[in-house]
Amino acid sequence: MLTQTNHWLEFVATAIDAALLLRILTLKLHRTYTFITLAATLAVFLDGVMLWLGSDSKEFTRVFVYSRFLYAFVFPAAAWDVFEEIKAQVAKLRRLAIFRLISSLILAAIFGFMITGFASIEDQNGGPALGPTLALVIWAASSTASLALLWSMHRAIRAQHIELPRNTLVWLIFFQLSLIAEVLACLFTIAGPLLSAPVPDVLALLLSLYGIGITVWCIWKLRALPSDVPSAPEQAKL
């Protein structure tokens, strides 16, 4: 029952991700948010590949694993892009934050290569686990580092009493919640083999519903940018 429910939720999640991409394009937000548009496009593409190959297939597992290396760039770039409407006001803050993020990713990559080095010694089959192990480390590192970037930027902006445009605030909340889900998904991937049925299916169901919920909220809250100004400050509560 849970497996079938999760299967149908995959279709729903794909439709919602496509709706978000369509919302970005119809509101012409892609002109300002290039990397966020890239992240939305990649999400729809991977959803389509998952539906085509099947989420439990070996082929999609390989696609998923190696897509984590791509997300090592996409997550930080999208987090950087969140503040594009106020880039002049937060230029110094963004430079400091991105420097810390890049340093964290470099350290994570070194740590990942060390782990895969030990894995290759222990793996008697020649290293099929090398790619997945490194991908898991990079996935966790890019998610947590990008989340830390957003969190630190948000705190610094509040401390300086900078008003956030509506879409900036929407993207900030959306990506913080999305990256939390990525971190949880990474933890569940690690713990999955240790969990007995139906716990993995329940966790997958909860993550799917969570992702659908925050994406629907984001679609609902996004607005087109005024033609005369970058964006009006958000006065009302979201």
# chains A, B, ... in the order shown; residues from 1 in each chain; ligands from 1
$ residues_around --residues "Ser142 (chain A)" --least-positions-apart "4" --cutoff "12 Å" --atoms "only C-alpha atoms" --output "PyMOL selection string"
chain A and resi 68-79+98+100-109+135-138+146-149+179-180+182-183+186
$ select_by_dssp --residues "region 65-95 of chain A" --states "alpha helix (DSSP H)" --output "NGL selection string"
:A and (65-81 or 91-95)
$ write_last_selection --atoms "C-alpha atoms" --output "PDB file, in the first residue's frame"
ATOM      1  CA  VAL A  65      24.146   9.021  -7.346  1.00  0.00           C
ATOM      2  CA  TYR A  66      26.036  10.905 -10.022  1.00  0.00           C
ATOM      3  CA  SER A  67      23.546  13.773 -10.024  1.00  0.00           C
ATOM      4  CA  ARG A  68      24.701  14.468  -6.452  1.00  0.00           C
ATOM      5  CA  PHE A  69      28.042  15.632  -7.874  1.00  0.00           C
ATOM      6  CA  LEU A  70      26.163  18.092 -10.085  1.00  0.00           C
ATOM      7  CA  TYR A  71      24.189  19.331  -7.099  1.00  0.00           C
ATOM      8  CA  ALA A  72      27.474  20.128  -5.373  1.00  0.00           C
ATOM      9  CA  PHE A  73      27.476  23.123  -7.733  1.00  0.00           C
ATOM     10  CA  VAL A  74      23.717  23.669  -8.073  1.00  0.00           C
ATOM     11  CA  PHE A  75      22.877  23.960  -4.354  1.00  0.00           C
ATOM     12  CA  PRO A  76      25.487  26.654  -3.548  1.00  0.00           C
ATOM     13  CA  ALA A  77      24.732  28.518  -6.795  1.00  0.00           C
ATOM     14  CA  ALA A  78      20.996  28.564  -6.048  1.00  0.00           C
ATOM     15  CA  ALA A  79      21.671  29.712  -2.482  1.00  0.00           C
ATOM     16  CA  TRP A  80      23.836  32.522  -3.859  1.00  0.00           C
ATOM     17  CA  ASP A  81      21.075  33.419  -6.333  1.00  0.00           C
ATOM     18  CA  ALA A  91      27.594  42.228  -1.838  1.00  0.00           C
ATOM     19  CA  LYS A  92      30.098  42.125   1.030  1.00  0.00           C
ATOM     20  CA  LEU A  93      28.010  39.687   3.054  1.00  0.00           C
ATOM     21  CA  ARG A  94      27.665  37.351   0.056  1.00  0.00           C
ATOM     22  CA  ARG A  95      31.394  37.371  -0.648  1.00  0.00           C
TER      23      ARG A  95
END
$ closest_residue --among "A:Leu130, A:Ile219, A:Ala141, A:Leu53" --to "Ala19 (chain A)" --atoms "only C-alpha atoms"
A:Ile219
$ atom_distance --atom1 "CA of Ala97 (chain A)" --atom2 "CA of Trp151 (chain A)"
10.0 Å
$ closest_atom_pairs --of "region 49-118 of chain A" --to "region 163-168 of chain A" --cutoff "8 Å" --atoms "only C-alpha atoms" --output "CSV"
residue,atom,partner,partner_atom,distance
A:Val82,CA,A:Thr168,CA,5.9
A:Phe83,CA,A:Thr168,CA,6.0
A:Glu84,CA,A:Thr168,CA,7.9
A:Glu85,CA,A:Thr168,CA,7.0
A:Ile86,CA,A:Leu164,CA,7.7
$ write_last_selection --atoms "all heavy atoms" --output "CSV table (one decimal), in the first residue's frame"
chain,number,residue,atom,x,y,z
A,82,VAL,N,19.6,33.4,-4.4
A,82,VAL,CA,18.5,33.9,-3.6
A,82,VAL,C,18.5,35.4,-3.4
A,82,VAL,O,17.4,36.0,-3.4
A,82,VAL,CB,18.4,33.1,-2.2
A,82,VAL,CG1,17.5,33.8,-1.3
A,82,VAL,CG2,18.0,31.7,-2.5
A,83,PHE,N,19.7,36.0,-3.2
A,83,PHE,CA,19.8,37.4,-2.9
A,83,PHE,C,20.1,38.3,-4.1
A,83,PHE,O,20.6,39.4,-3.9
A,83,PHE,CB,20.9,37.5,-1.8
A,83,PHE,CG,20.7,36.7,-0.6
A,83,PHE,CD1,21.3,35.4,-0.5
A,83,PHE,CD2,19.8,37.1,0.4
A,83,PHE,CE1,21.1,34.6,0.7
A,83,PHE,CE2,19.6,36.3,1.5
A,83,PHE,CZ,20.2,35.0,1.6
A,84,GLU,N,19.8,37.8,-5.3
A,84,GLU,CA,20.2,38.5,-6.5
A,84,GLU,C,19.5,39.9,-6.6
A,84,GLU,O,20.0,40.8,-7.1
A,84,GLU,CB,19.9,37.7,-7.7
A,84,GLU,CG,20.5,38.1,-9.0
A,84,GLU,CD,22.0,38.1,-9.0
A,84,GLU,OE1,22.6,37.4,-8.1
A,84,GLU,OE2,22.6,38.8,-9.8
A,85,GLU,N,18.2,40.0,-6.1
A,85,GLU,CA,17.5,41.2,-6.2
A,85,GLU,C,18.1,42.3,-5.3
A,85,GLU,O,17.9,43.5,-5.6
A,85,GLU,CB,16.1,41.1,-5.8
A,85,GLU,CG,15.2,40.3,-6.8
A,85,GLU,CD,13.8,40.3,-6.4
A,85,GLU,OE1,13.2,41.4,-6.1
A,85,GLU,OE2,13.2,39.2,-6.4
A,86,ILE,N,18.9,41.9,-4.3
A,86,ILE,CA,19.5,42.9,-3.4
A,86,ILE,C,21.0,42.8,-3.4
A,86,ILE,O,21.6,43.0,-2.4
A,86,ILE,CB,18.9,42.8,-1.9
A,86,ILE,CG1,19.0,41.4,-1.4
A,86,ILE,CG2,17.5,43.3,-1.9
A,86,ILE,CD1,18.7,41.3,0.1
$ residues_around --residues "Cys218 (chain A)" --least-positions-apart "6" --cutoff "8 Å" --atoms "only C-alpha atoms" --output "PyMOL selection string"
chain A and resi 20+170-171+174
$ closest_residue --among "A:Gly211, A:Arg223, A:Ile162, A:Thr133" --to "Thr14 (chain A)" --atoms "only C-alpha atoms"
A:Gly211
$ atom_distance --atom1 "CA of Leu207 (chain A)" --atom2 "CA of Ala185 (chain A)"
7.7 Å
$ closest_residue --among "A:Leu209, A:Leu42, A:Glu59, A:Thr144" --to "Thr5 (chain A)" --atoms "only C-alpha atoms"
A:Leu209
